[in-house]
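First up is the structure itself, then whatever we jot down about it.
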Amino acid sequence: MKNSNYIFYLCCIISLNLLNSQSYVGLNTDNYAGVHSLILNPSGVVDSRFKTDINLISISAFGGSDYFGINLNDIIKAEDGFDFDSDVEKTPTNANNFFVNTDILGPSFMFNLSPKSSIGILSRVRAVFNLHNVSGELYENLSDNFDTNENFNFNSTDVTGTVHAWAEISLVYGRILIDSKKQFLKGGISLKYLQGAGGVFVNSKFYR
């Protein structure tokens with residue numbers, strides 16, 4: 001019993017890490033997610049709550065950084081409007097990190113071929129941006145010295161950055177394998193065609 005508890009907790013931790021890197025968080029695991037569920041689990045195309053589901057366009061975008069933090073209450077309660085320089089809590093260091101994930105789900109659909117099999121087609125455009133170990137103090141110095149034109153020094157060690165953009169088309173097929181009073185099993189497969197749009201890579205061991 002104890003071993004099963006350990007396995008359960010381990011699965012929860014792994015799931016949280018996976019959700020942190022996925023798009024449409026909270027939507028693609030819902031029972032009524034439709035075509036969005038196929039992003040993570042192709043078997044969701046069969047035995048769905050919908051006989052047919054059509055998506056015209058959906059957009060998921062999120063980002064984060066350890067350089068600044070924004071309190072939503074400050075944005076809502078701001079009487080004179082929200083000001084980035086004064087209302088944002090900043091923690092500049094020599095190794096700040098930034099990331100942005102954008103996912104556009106284009107025209108997609110799924111429908112039943114028979115009571116035990118279904119098919120779906122997805123079209124997506126994705127872009128991912130990561131920047132690590134960049135000097136947050138650089139932004140502070142640029143803001144403070146922009147009008148004075150004064151010289152300043154900053155250090156950035158092991159700066160790495162990556163930008164990826166690509167499109168994909170997926171053909172999804174799912175089928176109910178076992179359906180009895182005590183057992184139910186379904187499976188799915190997703191075949192993808194990937195088309196790269198471009199990539200940018202930045203790597204700097206040391207810059208002063």
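As shown in the structure tokens, the chain order sets the letters A, B, ...; within each chain, residues go from 1, and ligands are also counted from 1 in the order they appear.
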Within 6 Å of region 125-140 of chain A, counting only C-alpha atoms, which residues show up once you throw out same-chain ones fewer than 2 positions away? Write them as a JSON list (two decimals) with all heavy atoms, in the first residue's frame, please.
```
[["chain", "number", "residue", "atom", "x", "y", "z"],
["A", 92, "PRO", "N", 15.98, 42.24, -10.34],
["A", 92, "PRO", "CA", 17.05, 42.07, -11.33],
["A", 92, "PRO", "C", 18.28, 41.39, -10.74],
["A", 92, "PRO", "O", 18.70, 41.70, -9.63],
["A", 92, "PRO", "CB", 17.37, 43.52, -11.74],
["A", 92, "PRO", "CG", 16.97, 44.34, -10.56],
["A", 92, "PRO", "CD", 15.79, 43.65, -9.95],
["A", 93, "THR", "N", 18.83, 40.44, -11.47],
["A", 93, "THR", "CA", 20.06, 39.76, -11.11],
["A", 93, "THR", "C", 20.92, 39.63, -12.37],
["A", 93, "THR", "O", 20.54, 40.09, -13.45],
["A", 93, "THR", "CB", 19.78, 38.37, -10.52],
["A", 93, "THR", "OG1", 19.26, 37.52, -11.55],
["A", 93, "THR", "CG2", 18.80, 38.44, -9.36],
["A", 94, "ASN", "N", 22.05, 38.98, -12.22],
["A", 94, "ASN", "CA", 22.90, 38.72, -13.38],
["A", 94, "ASN", "C", 22.46, 37.48, -14.16],
["A", 94, "ASN", "O", 23.08, 37.15, -15.18],
["A", 94, "ASN", "CB", 24.36, 38.54, -12.95],
["A", 94, "ASN", "CG", 25.01, 39.85, -12.59],
["A", 94, "ASN", "OD1", 24.68, 40.90, -13.14],
["A", 94, "ASN", "ND2", 25.95, 39.81, -11.65],
["A", 95, "ALA", "N", 21.43, 36.79, -13.69],
["A", 95, "ALA", "CA", 21.01, 35.55, -14.35],
["A", 95, "ALA", "C", 19.49, 35.42, -14.28],
["A", 95, "ALA", "O", 18.96, 34.48, -13.70],
["A", 95, "ALA", "CB", 21.68, 34.34, -13.71],
["A", 96, "ASN", "N", 18.79, 36.37, -14.90],
["A", 96, "ASN", "CA", 17.33, 36.27, -14.97],
["A", 96, "ASN", "C", 16.91, 35.39, -16.14],
["A", 96, "ASN", "O", 17.69, 35.16, -17.09],
["A", 96, "ASN", "CB", 16.70, 37.65, -15.13],
["A", 96, "ASN", "CG", 16.72, 38.44, -13.84],
["A", 96, "ASN", "OD1", 17.27, 39.54, -13.77],
["A", 96, "ASN", "ND2", 16.14, 37.90, -12.78],
["A", 97, "ASN", "N", 15.67, 34.89, -16.08],
["A", 97, "ASN", "CA", 15.17, 33.98, -17.10],
["A", 97, "ASN", "C", 13.81, 34.44, -17.60],
["A", 97, "ASN", "O", 13.01, 35.00, -16.84],
["A", 97, "ASN", "CB", 15.03, 32.56, -16.51],
["A", 97, "ASN", "CG", 16.33, 32.05, -15.94],
["A", 97, "ASN", "OD1", 17.23, 31.66, -16.67],
["A", 97, "ASN", "ND2", 16.43, 32.04, -14.62],
["A", 98, "PHE", "N", 13.55, 34.19, -18.89],
["A", 98, "PHE", "CA", 12.30, 34.56, -19.52],
["A", 98, "PHE", "C", 11.83, 33.41, -20.41],
["A", 98, "PHE", "O", 12.66, 32.71, -21.00],
["A", 98, "PHE", "CB", 12.46, 35.82, -20.38],
["A", 98, "PHE", "CG", 12.95, 37.03, -19.63],
["A", 98, "PHE", "CD1", 14.31, 37.22, -19.41],
["A", 98, "PHE", "CD2", 12.06, 37.98, -19.15],
["A", 98, "PHE", "CE1", 14.77, 38.33, -18.72],
["A", 98, "PHE", "CE2", 12.51, 39.10, -18.46],
["A", 98, "PHE", "CZ", 13.86, 39.28, -18.24],
["A", 99, "PHE", "N", 10.51, 33.23, -20.51],
["A", 99, "PHE", "CA", 9.99, 32.24, -21.45],
["A", 99, "PHE", "C", 8.61, 32.66, -21.93],
["A", 99, "PHE", "O", 7.85, 33.31, -21.21],
["A", 99, "PHE", "CB", 9.92, 30.84, -20.82],
["A", 99, "PHE", "CG", 8.75, 30.63, -19.90],
["A", 99, "PHE", "CD1", 7.54, 30.13, -20.38],
["A", 99, "PHE", "CD2", 8.84, 30.94, -18.56],
["A", 99, "PHE", "CE1", 6.47, 29.94, -19.53],
["A", 99, "PHE", "CE2", 7.77, 30.76, -17.70],
["A", 99, "PHE", "CZ", 6.58, 30.25, -18.19],
["A", 100, "VAL", "N", 8.30, 32.30, -23.17],
["A", 100, "VAL", "CA", 7.00, 32.57, -23.79],
["A", 100, "VAL", "C", 6.61, 31.35, -24.61],
["A", 100, "VAL", "O", 7.44, 30.79, -25.34],
["A", 100, "VAL", "CB", 7.02, 33.83, -24.69],
["A", 100, "VAL", "CG1", 5.67, 34.02, -25.36],
["A", 100, "VAL", "CG2", 7.40, 35.06, -23.88],
["A", 101, "ASN", "N", 5.36, 30.93, -24.50],
["A", 101, "ASN", "CA", 4.85, 29.79, -25.26],
["A", 101, "ASN", "C", 3.55, 30.21, -25.94],
["A", 101, "ASN", "O", 2.60, 30.62, -25.27],
["A", 101, "ASN", "CB", 4.61, 28.60, -24.34],
["A", 101, "ASN", "CG", 4.25, 27.33, -25.11],
["A", 101, "ASN", "OD1", 3.78, 27.39, -26.22],
["A", 101, "ASN", "ND2", 4.47, 26.19, -24.48],
["A", 102, "THR", "N", 3.51, 30.13, -27.25],
["A", 102, "THR", "CA", 2.31, 30.49, -28.02],
["A", 102, "THR", "C", 1.87, 29.30, -28.85],
["A", 102, "THR", "O", 2.68, 28.67, -29.52],
["A", 102, "THR", "CB", 2.58, 31.70, -28.94],
["A", 102, "THR", "OG1", 3.05, 32.80, -28.16],
["A", 102, "THR", "CG2", 1.32, 32.11, -29.68],
["A", 103, "ASP", "N", 0.58, 29.00, -28.79],
["A", 103, "ASP", "CA", 0.03, 27.84, -29.50],
["A", 103, "ASP", "C", -1.29, 28.25, -30.15],
["A", 103, "ASP", "O", -2.23, 28.65, -29.46],
["A", 103, "ASP", "CB", -0.18, 26.69, -28.51],
["A", 103, "ASP", "CG", -0.53, 25.39, -29.22],
["A", 103, "ASP", "OD1", -0.90, 25.43, -30.40],
["A", 103, "ASP", "OD2", -0.42, 24.34, -28.58],
["A", 104, "ILE", "N", -1.34, 28.17, -31.46],
["A", 104, "ILE", "CA", -2.56, 28.50, -32.20],
["A", 104, "ILE", "C", -3.11, 27.22, -32.81],
["A", 104, "ILE", "O", -2.45, 26.58, -33.64],
["A", 104, "ILE", "CB", -2.29, 29.54, -33.30],
["A", 104, "ILE", "CG1", -1.72, 30.82, -32.70],
["A", 104, "ILE", "CG2", -3.57, 29.84, -34.09],
["A", 104, "ILE", "CD1", -1.32, 31.86, -33.73],
["A", 142, "LEU", "N", 19.72, 50.54, -18.55],
["A", 142, "LEU", "CA", 19.26, 51.21, -19.76],
["A", 142, "LEU", "C", 18.15, 52.21, -19.45],
["A", 142, "LEU", "O", 18.10, 53.31, -20.01],
["A", 142, "LEU", "CB", 18.76, 50.17, -20.78],
["A", 142, "LEU", "CG", 19.83, 49.32, -21.46],
["A", 142, "LEU", "CD1", 19.18, 48.25, -22.32],
["A", 142, "LEU", "CD2", 20.75, 50.19, -22.31],
["A", 143, "SER", "N", 17.25, 51.84, -18.53],
["A", 143, "SER", "CA", 16.15, 52.74, -18.17],
["A", 143, "SER", "C", 16.66, 53.96, -17.42],
["A", 143, "SER", "O", 16.20, 55.09, -17.67],
["A", 143, "SER", "CB", 15.13, 51.99, -17.31],
["A", 143, "SER", "OG", 14.60, 50.89, -18.01],
["A", 156, "SER", "N", 27.09, 39.30, -17.93],
["A", 156, "SER", "CA", 26.18, 38.21, -18.26],
["A", 156, "SER", "C", 27.01, 36.99, -18.61],
["A", 156, "SER", "O", 27.79, 37.02, -19.57],
["A", 156, "SER", "CB", 25.28, 38.58, -19.45],
["A", 156, "SER", "OG", 24.32, 39.54, -19.07],
["A", 159, "VAL", "N", 24.92, 33.07, -21.18],
["A", 159, "VAL", "CA", 23.61, 33.43, -21.69],
["A", 159, "VAL", "C", 23.21, 32.44, -22.79],
["A", 159, "VAL", "O", 23.98, 32.17, -23.71],
["A", 159, "VAL", "CB", 23.61, 34.87, -22.26],
["A", 159, "VAL", "CG1", 22.25, 35.19, -22.86],
["A", 159, "VAL", "CG2", 23.95, 35.86, -21.17],
["A", 160, "THR", "N", 22.01, 31.90, -22.70],
["A", 160, "THR", "CA", 21.49, 31.00, -23.72],
["A", 160, "THR", "C", 20.06, 31.41, -24.07],
["A", 160, "THR", "O", 19.28, 31.77, -23.19],
["A", 160, "THR", "CB", 21.48, 29.53, -23.24],
["A", 160, "THR", "OG1", 20.69, 29.42, -22.06],
["A", 160, "THR", "CG2", 22.88, 29.04, -22.97],
["A", 161, "GLY", "N", 19.75, 31.36, -25.35],
["A", 161, "GLY", "CA", 18.41, 31.73, -25.81],
["A", 161, "GLY", "C", 18.01, 30.88, -27.00],
["A", 161, "GLY", "O", 18.85, 30.52, -27.83],
["A", 162, "THR", "N", 16.73, 30.57, -27.08],
["A", 162, "THR", "CA", 16.21, 29.75, -28.16],
["A", 162, "THR", "C", 14.84, 30.26, -28.58],
["A", 162, "THR", "O", 14.00, 30.57, -27.73],
["A", 162, "THR", "CB", 16.09, 28.28, -27.74],
["A", 162, "THR", "OG1", 17.35, 27.80, -27.30],
["A", 162, "THR", "CG2", 15.61, 27.43, -28.91],
["A", 163, "VAL", "N", 14.64, 30.38, -29.88],
["A", 163, "VAL", "CA", 13.33, 30.70, -30.43],
["A", 163, "VAL", "C", 13.01, 29.66, -31.50],
["A", 163, "VAL", "O", 13.80, 29.44, -32.42],
["A", 163, "VAL", "CB", 13.30, 32.12, -31.05],
["A", 163, "VAL", "CG1", 11.91, 32.40, -31.62],
["A", 163, "VAL", "CG2", 13.67, 33.16, -30.02],
["A", 164, "HIS", "N", 11.87, 29.01, -31.36],
["A", 164, "HIS", "CA", 11.42, 28.02, -32.34],
["A", 164, "HIS", "C", 10.02, 28.40, -32.82],
["A", 164, "HIS", "O", 9.18, 28.79, -32.01],
["A", 164, "HIS", "CB", 11.37, 26.62, -31.74],
["A", 164, "HIS", "CG", 12.69, 25.93, -31.66],
["A", 164, "HIS", "ND1", 13.40, 25.55, -32.78],
["A", 164, "HIS", "CD2", 13.45, 25.56, -30.60],
["A", 164, "HIS", "CE1", 14.53, 24.97, -32.41],
["A", 164, "HIS", "NE2", 14.58, 24.97, -31.08],
["A", 165, "ALA", "N", 9.77, 28.23, -34.09],
["A", 165, "ALA", "CA", 8.44, 28.43, -34.65],
["A", 165, "ALA", "C", 8.20, 27.34, -35.70],
["A", 165, "ALA", "O", 9.06, 27.10, -36.55],
["A", 165, "ALA", "CB", 8.29, 29.81, -35.27],
["A", 166, "TRP", "N", 7.05, 26.68, -35.61],
["A", 166, "TRP", "CA", 6.76, 25.61, -36.56],
["A", 166, "TRP", "C", 5.25, 25.39, -36.67],
["A", 166, "TRP", "O", 4.48, 25.86, -35.82],
["A", 166, "TRP", "CB", 7.46, 24.32, -36.15],
["A", 166, "TRP", "CG", 6.89, 23.62, -34.94],
["A", 166, "TRP", "CD1", 6.00, 22.58, -34.92],
["A", 166, "TRP", "CD2", 7.17, 23.91, -33.58],
["A", 166, "TRP", "NE1", 5.71, 22.21, -33.63],
["A", 166, "TRP", "CE2", 6.42, 23.02, -32.79],
["A", 166, "TRP", "CE3", 7.98, 24.86, -32.94],
["A", 166, "TRP", "CZ2", 6.46, 23.03, -31.40],
["A", 166, "TRP", "CZ3", 8.03, 24.88, -31.55],
["A", 166, "TRP", "CH2", 7.28, 23.97, -30.80],
["A", 167, "ALA", "N", 4.86, 24.69, -37.71],
["A", 167, "ALA", "CA", 3.47, 24.34, -37.93],
["A", 167, "ALA", "C", 3.36, 22.82, -38.00],
["A", 167, "ALA", "O", 4.34, 22.12, -38.31],
["A", 167, "ALA", "CB", 2.94, 24.97, -39.22]]
```
Residue contacts of Asp47 (chain A) (12 Å, only C-alpha atoms) excluding same-chain residues fewer than 6 positions away, as a ChimeraX atom specification
/A:31-32,34,110-119,173-179,184-188
Could you please take those selected residues and save N, CA, C and O atoms as an mmCIF file, in the first residue's frame?
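The resulting file, result-v3.cif, is shown below:
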```cif
data_model
loop_
_atom_site.group_PDB
_atom_site.id
_atom_site.type_symbol
_atom_site.label_atom_id
_atom_site.label_comp_id
_atom_site.auth_asym_id
_atom_site.auth_seq_id
_atom_site.Cartn_x
_atom_site.Cartn_y
_atom_site.Cartn_z
ATOM 1 N N ASN A 31 -13.455 16.508 -19.770
ATOM 2 C CA ASN A 31 -14.285 15.515 -20.457
ATOM 3 C C ASN A 31 -14.949 16.070 -21.707
ATOM 4 O O ASN A 31 -15.326 15.323 -22.605
ATOM 5 N N TYR A 32 -15.151 17.384 -21.736
ATOM 6 C CA TYR A 32 -15.782 18.035 -22.887
ATOM 7 C C TYR A 32 -14.773 18.863 -23.685
ATOM 8 O O TYR A 32 -15.125 19.860 -24.290
ATOM 9 N N GLY A 34 -13.125 17.977 -26.372
ATOM 10 C CA GLY A 34 -13.249 17.792 -27.814
ATOM 11 C C GLY A 34 -11.895 17.668 -28.488
ATOM 12 O O GLY A 34 -11.029 16.905 -28.051
ATOM 13 N N MET A 110 -13.151 16.519 -35.398
ATOM 14 C CA MET A 110 -13.169 15.096 -35.071
ATOM 15 C C MET A 110 -14.608 14.593 -35.214
ATOM 16 O O MET A 110 -15.565 15.337 -34.989
ATOM 17 N N PHE A 111 -14.765 13.330 -35.623
ATOM 18 C CA PHE A 111 -16.099 12.754 -35.748
ATOM 19 C C PHE A 111 -15.995 11.232 -35.667
ATOM 20 O O PHE A 111 -14.902 10.655 -35.829
ATOM 21 N N ASN A 112 -17.125 10.595 -35.412
ATOM 22 C CA ASN A 112 -17.185 9.149 -35.262
ATOM 23 C C ASN A 112 -17.291 8.469 -36.622
ATOM 24 O O ASN A 112 -18.110 8.859 -37.453
ATOM 25 N N LEU A 113 -16.453 7.456 -36.823
ATOM 26 C CA LEU A 113 -16.581 6.607 -38.004
ATOM 27 C C LEU A 113 -17.584 5.490 -37.761
ATOM 28 O O LEU A 113 -18.306 5.076 -38.669
ATOM 29 N N SER A 114 -17.596 5.013 -36.523
ATOM 30 C CA SER A 114 -18.506 3.956 -36.105
ATOM 31 C C SER A 114 -18.646 4.072 -34.589
ATOM 32 O O SER A 114 -17.976 4.890 -33.965
ATOM 33 N N PRO A 115 -19.500 3.262 -33.960
ATOM 34 C CA PRO A 115 -19.629 3.337 -32.500
ATOM 35 C C PRO A 115 -18.325 3.050 -31.754
ATOM 36 O O PRO A 115 -18.185 3.445 -30.595
ATOM 37 N N LYS A 116 -17.354 2.398 -32.416
ATOM 38 C CA LYS A 116 -16.114 2.035 -31.734
ATOM 39 C C LYS A 116 -14.868 2.680 -32.328
ATOM 40 O O LYS A 116 -13.758 2.390 -31.878
ATOM 41 N N SER A 117 -14.997 3.545 -33.293
ATOM 42 C CA SER A 117 -13.816 4.170 -33.889
ATOM 43 C C SER A 117 -14.124 5.607 -34.309
ATOM 44 O O SER A 117 -15.261 5.914 -34.688
ATOM 45 N N SER A 118 -13.110 6.454 -34.222
ATOM 46 C CA SER A 118 -13.266 7.867 -34.567
ATOM 47 C C SER A 118 -11.980 8.379 -35.196
ATOM 48 O O SER A 118 -10.905 7.771 -35.070
ATOM 49 N N ILE A 119 -12.104 9.521 -35.859
ATOM 50 C CA ILE A 119 -10.963 10.112 -36.542
ATOM 51 C C ILE A 119 -10.978 11.623 -36.313
ATOM 52 O O ILE A 119 -12.031 12.219 -36.059
ATOM 53 N N TYR A 173 -6.371 8.830 -35.031
ATOM 54 C CA TYR A 173 -7.332 7.727 -35.113
ATOM 55 C C TYR A 173 -7.415 7.058 -33.747
ATOM 56 O O TYR A 173 -6.384 6.808 -33.103
ATOM 57 N N GLY A 174 -8.634 6.783 -33.288
ATOM 58 C CA GLY A 174 -8.824 6.099 -32.010
ATOM 59 C C GLY A 174 -9.867 5.006 -32.131
ATOM 60 O O GLY A 174 -10.786 5.092 -32.959
ATOM 61 N N ARG A 175 -9.709 3.976 -31.274
ATOM 62 C CA ARG A 175 -10.638 2.841 -31.339
ATOM 63 C C ARG A 175 -10.830 2.265 -29.938
ATOM 64 O O ARG A 175 -9.885 2.213 -29.142
ATOM 65 N N ILE A 176 -12.051 1.831 -29.652
ATOM 66 C CA ILE A 176 -12.334 1.130 -28.402
ATOM 67 C C ILE A 176 -11.860 -0.313 -28.541
ATOM 68 O O ILE A 176 -12.312 -1.041 -29.436
ATOM 69 N N LEU A 177 -10.951 -0.731 -27.675
ATOM 70 C CA LEU A 177 -10.358 -2.061 -27.763
ATOM 71 C C LEU A 177 -11.100 -3.070 -26.896
ATOM 72 O O LEU A 177 -11.310 -4.212 -27.311
ATOM 73 N N ILE A 178 -11.472 -2.672 -25.693
ATOM 74 C CA ILE A 178 -12.193 -3.554 -24.770
ATOM 75 C C ILE A 178 -13.350 -2.775 -24.165
ATOM 76 O O ILE A 178 -13.164 -1.664 -23.654
ATOM 77 N N ASP A 179 -14.538 -3.355 -24.220
ATOM 78 C CA ASP A 179 -15.713 -2.714 -23.637
ATOM 79 C C ASP A 179 -16.610 -3.783 -23.030
ATOM 80 O O ASP A 179 -17.452 -4.373 -23.711
ATOM 81 N N PHE A 184 -12.767 -1.491 -19.549
ATOM 82 C CA PHE A 184 -12.902 -0.595 -20.702
ATOM 83 C C PHE A 184 -11.516 -0.110 -21.094
ATOM 84 O O PHE A 184 -10.763 0.391 -20.250
ATOM 85 N N LEU A 185 -11.183 -0.275 -22.352
ATOM 86 C CA LEU A 185 -9.857 0.129 -22.831
ATOM 87 C C LEU A 185 -9.994 0.705 -24.234
ATOM 88 O O LEU A 185 -10.639 0.109 -25.097
ATOM 89 N N LYS A 186 -9.391 1.853 -24.436
ATOM 90 C CA LYS A 186 -9.368 2.459 -25.760
ATOM 91 C C LYS A 186 -7.956 2.916 -26.076
ATOM 92 O O LYS A 186 -7.145 3.166 -25.172
ATOM 93 N N GLY A 187 -7.651 3.034 -27.341
ATOM 94 C CA GLY A 187 -6.319 3.456 -27.762
ATOM 95 C C GLY A 187 -6.403 4.415 -28.931
ATOM 96 O O GLY A 187 -7.430 4.499 -29.614
ATOM 97 N N GLY A 188 -5.319 5.155 -29.126
ATOM 98 C CA GLY A 188 -5.291 6.113 -30.230
ATOM 99 C C GLY A 188 -3.886 6.331 -30.735
ATOM 100 O O GLY A 188 -2.906 6.066 -30.026
#
```
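Of the residues under consideration (A:Gln195, A:Ser58, A:Thr91, A:Asn203), A:Ser58 shows the shortest atom-to-atom contact distance to Tyr24 (chain A) when counting only C-alpha atoms.
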May I ask which of the residues A:Ser123, A:Gly106, A:Gly69, A:Ile54 is the closest one to Val88 (chain A), counting only C-alpha atoms?
A:Gly69
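Of the residues under consideration (A:Val200, A:Leu122, A:Leu27, A:Ile169), A:Leu122 shows the shortest atom-to-atom contact distance to Ile57 (chain A) when counting only C-alpha atoms.
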Nearest candidate to Lys51 (chain A) (options A:Gly199, A:Glu89, A:Asp66, A:Val35; using only C-alpha atoms):
A:Val35
Just give me the gap between CA of Ile70 (chain A) and CA of Asp158 (chain A) in Å, one decimal is fine.
27.1 Å
Among the residues A:Val172, A:Ile39, A:Leu56, A:Ala33, the one that comes closest to Ile189 (chain A) [using only C-alpha atoms]:
A:Val172
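Our summary of the geometry notes that CA of Asn55 (chain A) is positioned 26.1 Å from CA of Gly198 (chain A).
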Tell me, in Å to one decimal, how far CA of His36 (chain A) is from CA of Leu105 (chain A).
8.4 Å
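Checking A:Lys90, A:Ile121, A:Lys181, A:Ser204 one by one against Glu168 (chain A), counting only C-alpha atoms, you find the shortest gap at A:Ile121.
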